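K.L.:
Here you go, this is coords-v8.csv (CSV, C-alpha atoms).
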chain,number,residue,atom,x,y,z
P,267,MET,CA,123.1,-59.1,165.6
P,268,ASP,CA,125.8,-58.7,162.9
P,269,ILE,CA,128.7,-56.5,164.2
P,270,TYR,CA,129.1,-55.0,160.8
P,271,ASP,CA,125.5,-53.8,160.7
P,272,TRP,CA,126.0,-52.4,164.2
P,273,ASN,CA,129.1,-50.5,163.1
P,274,ARG,CA,127.2,-49.1,160.1
P,275,ASN,CA,124.6,-47.8,162.5
P,276,LEU,CA,127.3,-46.2,164.6
P,277,LEU,CA,128.6,-44.3,161.6
P,278,LYS,CA,125.3,-42.5,161.2
P,279,ILE,CA,125.5,-40.8,164.6
P,280,ASN,CA,126.5,-37.2,164.9
P,281,ARG,CA,128.8,-35.7,167.6
P,282,LEU,CA,127.2,-34.3,170.7
P,283,ASN,CA,128.9,-31.8,173.0
P,284,ASN,CA,127.4,-31.9,176.4
P,285,LYS,CA,126.3,-35.2,177.9
P,286,TYR,CA,124.2,-33.9,180.7
P,287,HIS,CA,122.1,-31.4,178.7
P,288,MET,CA,121.0,-34.3,176.5
P,289,LYS,CA,117.6,-36.0,176.5
P,290,PRO,CA,117.9,-39.8,177.0
P,291,ASP,CA,117.6,-40.5,173.3
P,292,GLU,CA,120.4,-38.0,172.6
P,293,PHE,CA,122.5,-39.7,175.3
P,294,LEU,CA,122.0,-43.0,173.6
P,295,LYS,CA,123.4,-41.5,170.4
P,296,TYR,CA,126.3,-40.2,172.4
P,297,GLN,CA,126.9,-43.7,173.8
P,298,PHE,CA,126.9,-45.2,170.3
P,299,ARG,CA,129.4,-42.6,169.2
P,300,THR,CA,131.6,-43.5,172.2
P,301,LEU,CA,131.5,-47.2,171.3
P,302,GLU,CA,132.5,-46.3,167.8
P,303,VAL,CA,135.5,-44.4,168.9
P,304,VAL,CA,136.6,-47.1,171.3
P,305,LEU,CA,136.3,-49.8,168.6
P,306,LYS,CA,137.9,-47.8,165.8
P,307,GLU,CA,140.4,-45.4,167.4
P,308,ASP,CA,143.5,-45.7,169.6
P,309,VAL,CA,142.1,-44.6,173.0
P,310,GLN,CA,144.5,-46.6,175.1
P,311,TYR,CA,147.1,-45.0,177.5
P,312,ASP,CA,150.4,-45.0,175.7
P,313,GLY,CA,152.7,-44.1,178.6
P,314,LYS,CA,154.7,-46.3,180.9
P,315,ASP,CA,153.2,-49.4,182.5
P,316,TYR,CA,153.9,-48.7,186.2
P,317,PHE,CA,153.1,-52.3,187.1
P,318,LYS,CA,156.6,-53.0,185.7
P,319,ASP,CA,158.0,-51.0,188.6
P,320,VAL,CA,156.8,-53.7,190.9
P,321,TYR,CA,159.0,-56.8,190.7
P,322,PHE,CA,158.2,-60.2,192.2
P,323,VAL,CA,161.2,-62.2,193.4
P,324,PRO,CA,160.3,-65.7,192.2
P,325,ASN,CA,160.5,-68.8,194.3
P,326,ASN,CA,162.7,-71.2,192.3
P,327,LEU,CA,162.0,-74.0,194.8
P,328,THR,CA,158.3,-73.7,194.6
P,329,THR,CA,156.2,-76.8,195.4
P,330,VAL,CA,152.9,-75.3,194.0
P,331,SER,CA,151.5,-76.6,190.8
P,332,ILE,CA,148.8,-75.0,188.6
P,333,SER,CA,146.2,-77.4,190.0
P,334,ASP,CA,147.0,-76.3,193.5
P,335,VAL,CA,146.1,-72.6,192.9
P,336,ASP,CA,142.7,-71.6,194.1
P,337,LEU,CA,141.7,-68.1,192.9
P,338,SER,CA,138.1,-68.3,194.3
P,339,SER,CA,136.9,-65.6,196.7
P,340,THR,CA,133.9,-64.2,198.4
P,341,PHE,CA,132.9,-60.7,197.7
P,342,MET,CA,129.8,-58.9,199.2
P,343,GLY,CA,128.5,-62.3,200.2
P,344,LYS,CA,128.8,-63.8,196.7
P,345,ARG,CA,131.2,-66.7,195.9
P,346,LEU,CA,133.3,-66.0,192.8
P,347,GLN,CA,135.4,-68.7,191.0
P,348,TYR,CA,137.8,-65.9,190.0
P,349,PRO,CA,138.3,-62.4,191.5
P,350,ILE,CA,137.3,-60.8,188.2
P,351,CYS,CA,134.6,-58.3,187.2
P,352,VAL,CA,133.5,-57.4,183.6
P,353,ALA,CA,133.4,-53.6,183.7
P,354,SER,CA,130.4,-51.6,182.9
P,355,LEU,CA,130.1,-51.4,179.1
P,356,THR,CA,126.7,-50.8,177.5
P,357,GLY,CA,122.9,-51.0,177.4
P,358,GLY,CA,119.9,-48.9,176.5
P,359,ASP,CA,118.9,-50.1,173.0
P,360,LYS,CA,117.9,-53.3,171.3
P,361,LYS,CA,121.0,-53.1,169.2
P,362,LEU,CA,123.0,-53.6,172.4
P,363,THR,CA,121.0,-56.4,173.9
P,364,GLU,CA,123.2,-59.1,172.2
P,365,ILE,CA,126.3,-57.6,173.8
P,366,ASN,CA,124.9,-57.8,177.3
P,367,LYS,CA,123.4,-61.2,176.6
P,368,THR,CA,126.9,-62.5,175.7
P,369,ILE,CA,128.5,-60.8,178.7
P,370,GLY,CA,125.8,-62.3,181.0
P,371,ALA,CA,126.4,-65.8,179.7
P,372,PHE,CA,130.2,-65.3,179.9
P,373,ALA,CA,130.0,-64.1,183.5
P,374,ASN,CA,127.7,-67.0,184.5
P,375,GLU,CA,129.9,-69.6,182.9
P,376,TYR,CA,133.1,-68.5,184.7
P,377,GLN,CA,131.3,-67.3,187.9
P,378,ILE,CA,132.7,-63.8,187.8
P,379,ALA,CA,131.1,-60.5,188.7
P,380,GLN,CA,129.8,-58.1,186.1
P,381,GLY,CA,128.8,-54.5,185.6
P,382,ILE,CA,126.3,-52.9,183.2
P,383,GLY,CA,126.3,-49.8,181.1
P,384,ASP,CA,124.8,-46.5,182.5
P,385,GLN,CA,121.2,-47.2,183.3
P,386,ILE,CA,119.9,-43.7,182.6
P,387,HIS,CA,117.8,-45.1,179.8
P,388,CYS,CA,115.9,-47.6,181.8
P,389,VAL,CA,114.9,-45.2,184.6
P,390,GLN,CA,113.0,-42.8,182.3
P,391,PRO,CA,109.2,-42.5,182.2
P,392,ASN,CA,107.5,-44.7,179.6
P,393,VAL,CA,110.6,-46.6,178.9
P,394,SER,CA,110.2,-49.3,176.1
P,395,LYS,CA,110.3,-53.0,176.7
P,396,GLU,CA,113.3,-53.3,174.4
P,397,VAL,CA,115.3,-50.8,176.4
P,398,ILE,CA,114.5,-52.7,179.7
P,399,GLU,CA,115.5,-56.0,178.0
P,400,SER,CA,118.8,-54.6,176.9
P,401,TYR,CA,119.7,-54.4,180.6
P,402,SER,CA,117.6,-57.2,182.2
P,403,ILE,CA,119.0,-59.8,179.8
P,404,VAL,CA,122.2,-59.9,182.0
P,405,ARG,CA,120.2,-61.3,184.9
P,406,GLU,CA,118.4,-63.8,182.7
P,407,GLN,CA,121.7,-65.1,181.5
P,408,ASN,CA,123.4,-64.9,184.9
P,409,PRO,CA,120.6,-65.7,187.4
P,410,ASN,CA,122.9,-66.2,190.5
P,411,GLY,CA,125.9,-64.1,189.7
P,412,MET,CA,127.2,-60.8,191.2
P,413,ILE,CA,125.8,-57.9,189.1
P,414,PHE,CA,126.3,-54.2,189.7
P,415,ALA,CA,123.6,-51.6,188.8
P,416,ASN,CA,125.1,-48.4,187.4
P,417,LEU,CA,124.2,-44.7,187.4
P,418,SER,CA,126.2,-41.5,187.0
P,419,GLY,CA,126.9,-39.3,190.0
P,420,LYS,CA,126.2,-36.3,187.7
P,421,TYR,CA,122.8,-37.6,186.9
P,422,LEU,CA,122.0,-38.1,190.6
P,423,ILE,CA,122.9,-34.4,191.2
P,424,LYS,CA,120.6,-33.2,188.5
P,425,SER,CA,117.7,-35.6,188.9
P,426,LYS,CA,114.7,-34.6,191.0
P,427,THR,CA,113.6,-38.2,191.2
P,428,TYR,CA,117.0,-39.8,191.9
P,429,ILE,CA,115.9,-42.0,194.8
P,430,ASN,CA,113.2,-43.6,192.7
P,431,ASP,CA,115.6,-43.8,189.7
P,432,VAL,CA,118.1,-45.7,191.8
P,433,ARG,CA,115.5,-48.2,192.9
P,434,LYS,CA,114.3,-48.7,189.4
P,435,ALA,CA,117.9,-49.3,188.2
P,436,ILE,CA,118.4,-51.9,190.9
P,437,GLU,CA,115.1,-53.6,190.3
P,438,THR,CA,115.6,-53.8,186.5
P,439,ILE,CA,118.5,-56.2,186.9
P,440,ASN,CA,117.8,-57.5,190.4
P,441,ALA,CA,121.3,-56.0,191.3
P,442,ASP,CA,123.4,-57.3,194.1
P,443,ALA,CA,125.2,-53.9,194.5
P,444,LEU,CA,125.0,-50.4,193.0
P,445,GLU,CA,127.9,-48.5,191.4
P,446,ILE,CA,127.7,-44.7,191.1
P,447,TYR,CA,130.4,-43.3,188.9
P,448,ILE,CA,132.0,-39.9,189.1
P,449,GLU,CA,133.9,-38.2,186.3
P,450,PRO,CA,134.9,-34.6,187.3
P,451,LEU,CA,137.4,-34.3,184.5
P,452,LEU,CA,134.9,-35.2,181.8
P,453,ASN,CA,132.3,-32.9,183.4
P,454,ILE,CA,134.7,-30.0,182.9
P,455,LEU,CA,135.6,-31.0,179.4
P,456,TRP,CA,131.9,-31.0,178.5
P,457,SER,CA,131.2,-27.7,180.2
P,458,ARG,CA,133.6,-25.1,181.4
P,459,GLU,CA,131.0,-24.0,183.9
P,460,SER,CA,130.7,-27.4,185.5
P,461,PRO,CA,130.8,-27.4,189.3
P,462,GLY,CA,132.4,-30.8,189.3
P,463,THR,CA,130.9,-33.0,192.0
P,464,LEU,CA,129.2,-30.2,194.0
P,465,GLY,CA,126.3,-31.7,195.9
P,466,PHE,CA,127.3,-35.3,195.2
P,467,LEU,CA,128.2,-36.4,198.7
P,468,GLU,CA,124.9,-35.2,200.2
P,469,ARG,CA,122.9,-37.1,197.6
P,470,LEU,CA,125.2,-40.1,197.9
P,471,LYS,CA,124.4,-40.4,201.6
P,472,LYS,CA,120.7,-40.3,200.9
P,473,VAL,CA,121.0,-43.0,198.3
P,474,ILE,CA,122.9,-45.2,200.7
P,475,LEU,CA,120.2,-44.8,203.3
P,476,SER,CA,117.5,-45.5,200.8
P,477,THR,CA,118.7,-48.9,199.5
P,478,ASP,CA,119.4,-52.2,201.2
P,479,ILE,CA,122.2,-53.3,198.9
P,480,PRO,CA,125.9,-52.2,199.0
P,481,VAL,CA,126.7,-48.9,197.2
P,482,PHE,CA,130.1,-48.4,195.5
P,483,VAL,CA,131.6,-45.3,194.0
P,484,LYS,CA,133.7,-45.6,190.9
P,485,THR,CA,136.0,-43.3,189.1
P,486,VAL,CA,136.3,-43.2,185.3
P,487,SER,CA,140.0,-43.5,184.2
P,488,THR,CA,141.4,-40.9,186.6
P,489,GLY,CA,142.2,-43.0,189.7
P,490,LEU,CA,141.6,-42.0,193.3
P,491,SER,CA,143.8,-41.0,196.3
P,492,SER,CA,143.5,-42.1,199.9
P,493,GLU,CA,142.1,-38.7,200.7
P,494,ASP,CA,139.2,-39.2,198.2
P,495,VAL,CA,138.6,-42.7,199.5
P,496,ARG,CA,138.4,-41.6,203.1
P,497,GLN,CA,135.7,-39.0,202.2
P,498,LEU,CA,133.6,-41.6,200.4
P,499,TRP,CA,134.1,-44.2,203.1
P,500,ASP,CA,133.0,-41.8,205.8
P,501,ALA,CA,129.9,-41.0,203.7
P,502,GLY,CA,129.0,-44.7,204.1
P,503,VAL,CA,129.9,-46.4,200.8
P,504,ALA,CA,130.4,-50.2,201.0
P,505,GLY,CA,133.4,-50.1,198.7
P,506,ILE,CA,135.4,-48.4,196.0
P,507,ASN,CA,136.0,-49.1,192.3
P,508,ILE,CA,139.2,-47.4,191.1
P,509,GLN,CA,139.6,-47.1,187.4
P,510,GLY,CA,143.0,-45.4,187.1
P,511,ILE,CA,145.2,-44.2,184.2
P,512,GLY,CA,146.7,-47.1,182.3
P,513,GLY,CA,143.9,-48.4,180.0
P,514,THR,CA,141.1,-46.7,178.1
P,515,SER,CA,141.1,-42.9,178.5
P,516,PHE,CA,137.7,-41.3,178.4
P,517,ALA,CA,139.2,-37.9,178.1
P,518,ARG,CA,141.1,-39.1,175.0
P,519,ILE,CA,137.8,-40.4,173.6
P,520,GLU,CA,136.3,-36.9,173.9
P,521,THR,CA,139.4,-35.4,172.1
P,522,LEU,CA,139.1,-37.9,169.2
P,523,LYS,CA,135.4,-37.1,168.7
P,524,ARG,CA,136.4,-33.5,168.0
P,525,LEU,CA,139.6,-34.0,165.9
P,526,THR,CA,139.5,-33.5,162.1
P,527,LEU,CA,140.7,-36.4,159.9
P,528,SER,CA,143.9,-34.5,159.2
P,529,GLN,CA,144.5,-34.1,162.9
P,530,LYS,CA,144.0,-37.8,163.5
P,531,GLN,CA,146.4,-38.6,160.7
P,532,ALA,CA,149.1,-36.2,161.8
P,533,VAL,CA,152.4,-37.6,162.9
P,534,PRO,CA,152.3,-37.7,165.9
P,535,THR,CA,148.6,-37.7,166.3
P,536,VAL,CA,147.2,-34.5,167.9
P,537,LYS,CA,146.9,-34.9,171.6
P,538,ARG,CA,145.3,-32.6,174.3
P,539,PRO,CA,146.9,-31.8,177.7
P,540,PHE,CA,144.3,-33.7,179.7
P,541,ASP,CA,144.0,-36.8,177.4
P,542,TYR,CA,145.8,-38.9,180.0
P,543,PHE,CA,145.3,-36.9,183.2
P,544,GLY,CA,145.0,-38.7,186.5
P,545,THR,CA,146.7,-41.2,188.8
P,546,PRO,CA,148.1,-44.4,187.3
P,547,THR,CA,146.2,-47.5,188.5
P,548,VAL,CA,148.9,-49.1,190.5
P,549,TRP,CA,149.7,-45.8,192.2
P,550,SER,CA,146.1,-45.4,193.3
P,551,LEU,CA,146.1,-48.9,194.6
P,552,LEU,CA,149.3,-48.4,196.7
P,553,ASP,CA,148.1,-45.0,197.9
P,554,VAL,CA,144.9,-46.6,199.3
P,555,LYS,CA,146.0,-50.0,200.4
P,556,LEU,CA,149.3,-49.3,202.0
P,557,ARG,CA,147.5,-47.2,204.7
P,558,PRO,CA,146.3,-49.2,207.7
P,559,GLU,CA,143.1,-47.1,208.0
P,560,ASN,CA,142.0,-48.4,204.5
P,561,LYS,CA,142.7,-52.1,205.0
P,562,ASP,CA,139.1,-53.1,205.4
P,563,ILE,CA,137.7,-51.1,202.4
P,564,PRO,CA,136.5,-53.5,199.7
P,565,LEU,CA,138.3,-52.5,196.4
P,566,ILE,CA,137.7,-53.2,192.8
P,567,LEU,CA,140.6,-52.2,190.6
P,568,GLY,CA,140.9,-51.6,186.9
P,569,GLY,CA,142.5,-49.4,184.3
P,570,GLY,CA,145.1,-51.0,182.0
P,571,ILE,CA,145.2,-54.5,183.6
P,572,ARG,CA,145.9,-56.5,180.5
P,573,ASP,CA,147.6,-59.7,181.6
P,574,GLY,CA,147.5,-62.2,184.5
P,575,ARG,CA,150.8,-61.0,186.1
P,576,GLN,CA,149.4,-57.5,186.5
P,577,ALA,CA,146.3,-58.9,188.0
P,578,VAL,CA,148.2,-60.9,190.6
P,579,LYS,CA,150.3,-57.8,191.5
P,580,ALA,CA,147.0,-55.9,192.1
P,581,LEU,CA,145.6,-58.7,194.3
P,582,ALA,CA,148.9,-58.9,196.2
P,583,PHE,CA,148.6,-55.3,197.2
P,584,GLY,CA,145.0,-55.5,198.4
P,585,ALA,CA,142.6,-55.3,195.5
P,586,ASP,CA,139.7,-57.7,196.0
P,587,ILE,CA,138.4,-57.8,192.4
P,588,ILE,CA,140.1,-57.0,189.1
P,589,SER,CA,138.0,-55.1,186.6
P,590,LEU,CA,138.3,-55.8,182.9
P,591,GLY,CA,136.5,-53.8,180.2
P,592,TYR,CA,138.3,-52.9,177.0
P,593,PRO,CA,139.8,-56.4,176.3
P,594,VAL,CA,136.4,-58.0,176.9
P,595,LEU,CA,134.7,-55.6,174.5
P,596,ILE,CA,137.3,-56.2,171.8
P,597,LYS,CA,137.3,-60.0,172.0
P,598,LEU,CA,133.5,-60.0,172.2
P,599,THR,CA,133.1,-58.0,169.0
P,600,GLU,CA,135.7,-60.2,167.3
P,601,ASP,CA,133.5,-63.1,168.1
P,602,PHE,CA,130.5,-61.5,166.5
P,603,GLY,CA,132.4,-61.4,163.3
P,604,TYR,CA,134.2,-64.8,163.7
P,605,PRO,CA,132.2,-66.9,166.2
P,606,GLU,CA,134.1,-70.0,165.4
P,607,GLU,CA,137.3,-68.6,166.8
P,608,HIS,CA,136.0,-68.2,170.4
P,609,ASN,CA,138.3,-65.2,171.0
P,610,LEU,CA,136.8,-64.1,174.3
P,611,GLU,CA,136.9,-67.6,175.8
P,612,ARG,CA,140.5,-68.2,174.6
P,613,TRP,CA,141.7,-64.8,175.8
P,614,PHE,CA,140.1,-65.2,179.3
P,615,THR,CA,141.4,-68.8,179.7
P,616,ARG,CA,144.9,-67.5,178.9
P,617,PHE,CA,144.5,-64.6,181.3
P,618,ILE,CA,143.5,-67.0,184.2
P,619,HIS,CA,146.4,-69.3,183.3
P,620,GLN,CA,148.8,-66.4,183.5
P,621,MET,CA,147.5,-65.6,187.0
P,622,LYS,CA,147.9,-69.2,188.2
P,623,MET,CA,151.4,-69.4,186.7
P,624,THR,CA,152.4,-66.2,188.6
P,625,MET,CA,151.0,-67.6,191.8
P,626,CYS,CA,152.9,-70.9,191.3
P,627,LEU,CA,156.2,-69.1,190.7
P,628,LEU,CA,155.7,-67.3,194.0
P,629,GLY,CA,154.7,-70.5,195.9
P,630,ALA,CA,151.2,-69.1,196.7
P,631,ARG,CA,148.2,-71.4,196.7
P,632,ASN,CA,145.6,-68.7,197.3
P,633,ILE,CA,145.2,-65.0,197.6
P,634,ASP,CA,145.8,-65.0,201.4
P,635,GLU,CA,149.1,-66.8,200.9
P,636,LEU,CA,150.1,-64.5,198.1
P,637,ARG,CA,149.7,-61.4,200.3
P,638,GLU,CA,151.9,-62.9,203.0
P,639,ILE,CA,154.6,-64.1,200.6
P,640,VAL,CA,155.0,-60.8,198.8
P,641,ARG,CA,155.9,-59.0,202.0
P,642,SER,CA,159.4,-60.4,201.5
P,643,ARG,CA,159.4,-61.0,197.7
P,644,VAL,CA,158.6,-57.6,196.2
P,645,VAL,CA,161.0,-54.9,195.1
P,646,ILE,CA,159.6,-51.6,193.9
P,647,PHE,CA,161.6,-49.4,191.5
P,648,GLY,CA,161.5,-46.2,189.5
P,649,LYS,CA,158.7,-43.6,189.5
P,650,THR,CA,156.5,-45.9,191.6
P,651,LYS,CA,159.1,-45.9,194.3
P,652,GLU,CA,159.3,-42.1,194.1
P,653,TRP,CA,155.5,-42.0,194.4
P,654,LEU,CA,155.6,-44.0,197.6
P,655,GLU,CA,158.3,-41.7,199.0
P,656,GLY,CA,156.4,-38.6,198.0
P,657,ARG,CA,153.3,-39.9,199.7
P,658,ASN,CA,155.1,-41.0,202.8
P,659,LEU,CA,154.4,-44.7,202.2
P,660,SER,CA,156.5,-47.8,202.4
P,661,PHE,CA,156.3,-51.5,201.5
P,662,PRO,CA,156.0,-53.6,203.4
P,663,PRO,CA,153.9,-51.2,205.5
P,664,LYS,CA,155.1,-50.5,209.0
P,665,ASN,CA,151.9,-51.9,210.4
P,666,LYS,CA,151.2,-55.5,209.3
P,667,HIS,CA,147.8,-55.1,207.7
P,668,LEU,CA,148.3,-56.1,204.1
If you convert what's in this file into C-alpha cells, what do you get?

P.N.:
Amino acid sequence: MDIYDWNRNLLKINRLNNKYHMKPDEFLKYQFRTLEVVLKEDVQYDGKDYFKDVYFVPNNLTTVSISDVDLSSTFMGKRLQYPICVASLTGGDKKLTEINKTIGAFANEYQIAQGIGDQIHCVQPNVSKEVIESYSIVREQNPNGMIFANLSGKYLIKSKTYINDVRKAIETINADALEIYIEPLLNILWSRESPGTLGFLERLKKVILSTDIPVFVKTVSTGLSSEDVRQLWDAGVAGINIQGIGGTSFARIETLKRLTLSQKQAVPTVKRPFDYFGTPTVWSLLDVKLRPENKDIPLILGGGIRDGRQAVKALAFGADIISLGYPVLIKLTEDFGYPEEHNLERWFTRFIHQMKMTMCLLGARNIDELREIVRSRVVIFGKTKEWLEGRNLSFPPKNKHL
C-alpha cells in the first residue's frame, strides 16, 4: 500500500459525532478520520515532561558495559527480549492490513509485545475475509509473540452478545491476553448524556469468568489512580495498562476534528478546557506503584514515553512493560514513503541503546538490579514531589516492596 494513496482516502471521510451510535462501517470512517488527525495535526501533549522531575544520580564508577545489560523479561508467561509493547493502533479494513503486517513482523523480529486496534469490526455478523485478515495478519507475522486482543468497555456495556464478541476477538488473533479500554472523558465529549462507565464493572467480571486468558483494563490518555486500580484489581483483572497524560491526547483529537481552518491557524491555536485533562503518566505510575498493596499488579505504562531514559525511569518505579504508540506509527508511515531509510528500525535501535546507556550509568545489569539501585540514587523535584506529598506517598517507600 502506498501511504499517499492511503492519505488521499482519509481526506474523503466526513466527521462523525458520536462513536457509539455508529454502525461498524461508520465507526471505520471515524477511525480513518482519527488516523488522519493523528498523522497531520499536533495532538501531542505540550505541557511539562514530569519525568524530568525524577533525577537519577549517576554512578561514575560503574563497571557495567552495554553488553552487560539484559533487558529481557517474562510477562504473562511470555519471554520478551525487551520490556516493550507496541500500543493498539489500527485494523478493520484491507487498507490497514499493511500497517498491522508491518507491526507484526517488527514485534516478531525484536521479540516485543503488541496490541491491535479496536476489534469491533471483526466481531460483527457476516464480517468479510478482508476485515478478519486486517487483524489476523499480526499473528501470521508474529506466530509466537505476546499479542493483546482489544475491545472497548463502552461496546461491552452496549452489546447484547458481548461474551461471544470477546471470544471471537480473541480467536481472530489467537490472543495471549485481552485488553478492554475505558474512556469516560471521551464518552462525555461525544454525548452529554453519557453515563460514563455505568455497568462496566459488572460486565467486566463476567468477561473475566468467561475467558481463560488474562484480562487487562486500559485507560486512553487520562491515567489512573490507585483508587481506580484497586477497584479493577478487586474485580479480577490480571493487570492494568495506564496510558496517562504526556503523549497523544484523544480529547485533543476530538477538538481538532471540530475546529475550522481559521481556528486551527489562530495564534495560539484554539484549545478546549479538556484537551489535556487527566493524570500525567509518571504521576499515575507513582500513585499506583509506591503503595505496597499494588506491588504485585502487572503494569503496562504508556503516554508520552519518547526516549530510553524515560523508559528506564518507568521500569525503575515498577512498570513491567513500556507501551509505545505514536512514535511507532509515525516512523512506520515514514517507511511507507521512504522504505530505504528504515526509520522504524533506526528509531527503535536508538531507543533501546538509550535504555542500555541509562542502565550502564546507574550500574544496573538488569531490571531487578535497577530497582534496587534507584532506592538510593533517585531525587524527585518540583510538581511531582508535590504530587507525592499530596497523595501521602514517599520514595523510597516506607515498606521495601519496590

K.L.:
In Å, rounded to a single decimal, give me how far CA of Val330 (chain P) is from CA of Asn632 (chain P).

P.N.:
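Rounded to one decimal, the two atoms are 10.4 Å apart.
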
K.L.:
Between CA of Ile350 (chain P) and CA of Gly512 (chain P), what is the spacing in Å?

P.N.:
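The value is 17.6 Å.
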
K.L.:
Considering only C-alpha atoms, return as a VMD selection string whatever protein or nucleic-acid residues lie within 10 Å of Ser418 (chain P), sequence-local ones (same chain, fewer than 2 positions apart) excluded.

P.N.:
chain P and resid 384 to 386 416 420 to 423 445 to 449 483 to 484

K.L.:
Filtering to C-alpha atoms, could you give me those residues as an mmCIF file, in the coordinates of the input?

P.N.:
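For reference, selection-v6.cif as written:
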data_model
loop_
_atom_site.group_PDB
_atom_site.id
_atom_site.type_symbol
_atom_site.label_atom_id
_atom_site.label_comp_id
_atom_site.auth_asym_id
_atom_site.auth_seq_id
_atom_site.Cartn_x
_atom_site.Cartn_y
_atom_site.Cartn_z
ATOM 1 C CA ASP P 384 124.800 -46.500 182.500
ATOM 2 C CA GLN P 385 121.200 -47.200 183.300
ATOM 3 C CA ILE P 386 119.900 -43.700 182.600
ATOM 4 C CA ASN P 416 125.100 -48.400 187.400
ATOM 5 C CA LYS P 420 126.200 -36.300 187.700
ATOM 6 C CA TYR P 421 122.800 -37.600 186.900
ATOM 7 C CA LEU P 422 122.000 -38.100 190.600
ATOM 8 C CA ILE P 423 122.900 -34.400 191.200
ATOM 9 C CA GLU P 445 127.900 -48.500 191.400
ATOM 10 C CA ILE P 446 127.700 -44.700 191.100
ATOM 11 C CA TYR P 447 130.400 -43.300 188.900
ATOM 12 C CA ILE P 448 132.000 -39.900 189.100
ATOM 13 C CA GLU P 449 133.900 -38.200 186.300
ATOM 14 C CA VAL P 483 131.600 -45.300 194.000
ATOM 15 C CA LYS P 484 133.700 -45.600 190.900
#

K.L.:
Could you work out how far CA of Thr356 (chain P) lies from CA of Glu520 (chain P), giving the answer in Å with one decimal?

P.N.:
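About the pair CA of Glu520 (chain P) and CA of Thr356 (chain P): they are 17.3 Å apart.
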
K.L.:
Closest to Glu493 (chain P) among P:Ile511, P:Ala353, P:Val554, P:Ile454, using only C-alpha atoms?

P.N.:
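Answer, going by the shortest atom-to-atom distance: P:Val554.
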
K.L.:
Return the single residue from P:Pro546, P:Ile618, P:Leu362, P:Ala441 that is closest to Gln347 (chain P), with distances computed using all atoms listed in the file.

P.N.:
P:Ile618

K.L.:
Counting only C-alpha atoms, which of P:Ile633, P:Val594, P:Asn560, P:Ile566 gets nearest to Phe482 (chain P)?

P.N.:
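Closest to Phe482 (chain P) of all the choices is P:Ile566.
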
K.L.:
Tell me which of P:Leu455, P:Val320, P:Ile429, P:Ala379 sits closest to Thr521 (chain P), counting all atoms listed in the file.

P.N.:
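Closest to Thr521 (chain P), using all atoms listed in the file: P:Leu455.
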
K.L.:
Go through region 454-568 of chain P residue by residue and, counting all atoms listed in the file, keep those with an atom at most 9 Å from region 335-345 of chain P; for each kept residue give the shortest atom pair and its distance in Å to one decimal, ordered by chain and increasing number, as a Markdown table.

P.N.:
| residue | atom | partner | partner_atom | distance |
| --- | --- | --- | --- | --- |
| P:Pro480 | CA | P:Met342 | CA | 7.8 |
| P:Ala504 | CA | P:Met342 | CA | 8.9 |
| P:Pro564 | CA | P:Phe341 | CA | 8.3 |

K.L.:
Skip Val432 (chain P) itself and residues of its chain fewer than 4 positions away, then list as a list in words all residues within 9 Å of it, counting all atoms listed in the file.

P.N.:
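Listed by chain and then number, they are Val389, Ala415, Asn416, Leu417, Leu422, Thr427, Tyr428, Ile436, Glu437, Leu444, Val473 and Thr477 of chain P.
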
K.L.:
Taking all atoms listed in the file into account, name the residue in P:Glu600, P:Asp431, P:Glu638, P:Asp319 that is nearest to Pro662 (chain P).

P.N.:
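Ranked by minimum distance to Pro662 (chain P), first place goes to P:Glu638.
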
K.L.:
Give as JSON, numbers by chain the set of residues within 10 Å of the point (139.4, -37.6, 174.6), where distances use the file's coordinates and all atoms listed in the file.

P.N.:
{"P": [303, 309, 452, 455, 514, 515, 516, 517, 518, 519, 520, 521, 522, 523, 524, 525, 537, 538, 539, 540, 541, 542]}

K.L.:
Report as number ranges by chain all protein, DNA and RNA residues lying within 10 Å of Leu628 (chain P), evaluated on all atoms listed in the file, omitting residues in the same chain fewer than 6 positions from it.

P.N.:
P: 322-330, 622, 635-636, 639-640, 643

K.L.:
Let's have the selection written as a PDB file, in the coordinates of the input, with C-alpha atoms.

P.N.:
ATOM      1  CA  PHE P 322     158.200 -60.200 192.200  1.00  0.00           C
ATOM      2  CA  VAL P 323     161.200 -62.200 193.400  1.00  0.00           C
ATOM      3  CA  PRO P 324     160.300 -65.700 192.200  1.00  0.00           C
ATOM      4  CA  ASN P 325     160.500 -68.800 194.300  1.00  0.00           C
ATOM      5  CA  ASN P 326     162.700 -71.200 192.300  1.00  0.00           C
ATOM      6  CA  LEU P 327     162.000 -74.000 194.800  1.00  0.00           C
ATOM      7  CA  THR P 328     158.300 -73.700 194.600  1.00  0.00           C
ATOM      8  CA  THR P 329     156.200 -76.800 195.400  1.00  0.00           C
ATOM      9  CA  VAL P 330     152.900 -75.300 194.000  1.00  0.00           C
ATOM     10  CA  LYS P 622     147.900 -69.200 188.200  1.00  0.00           C
ATOM     11  CA  GLU P 635     149.100 -66.800 200.900  1.00  0.00           C
ATOM     12  CA  LEU P 636     150.100 -64.500 198.100  1.00  0.00           C
ATOM     13  CA  ILE P 639     154.600 -64.100 200.600  1.00  0.00           C
ATOM     14  CA  VAL P 640     155.000 -60.800 198.800  1.00  0.00           C
ATOM     15  CA  ARG P 643     159.400 -61.000 197.700  1.00  0.00           C
TER      16      ARG P 643
END

K.L.:
Neighbouring residues of Tyr321 (chain P) were defined as those with any atom within 8 Å, considering all atoms listed in the file; residues of the same chain fewer than 4 positions away were excluded. Please report them as a list in words.

P.N.:
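Non-adjacent residues within range: Val644, Val645, Ile646 and Phe647 of chain P.
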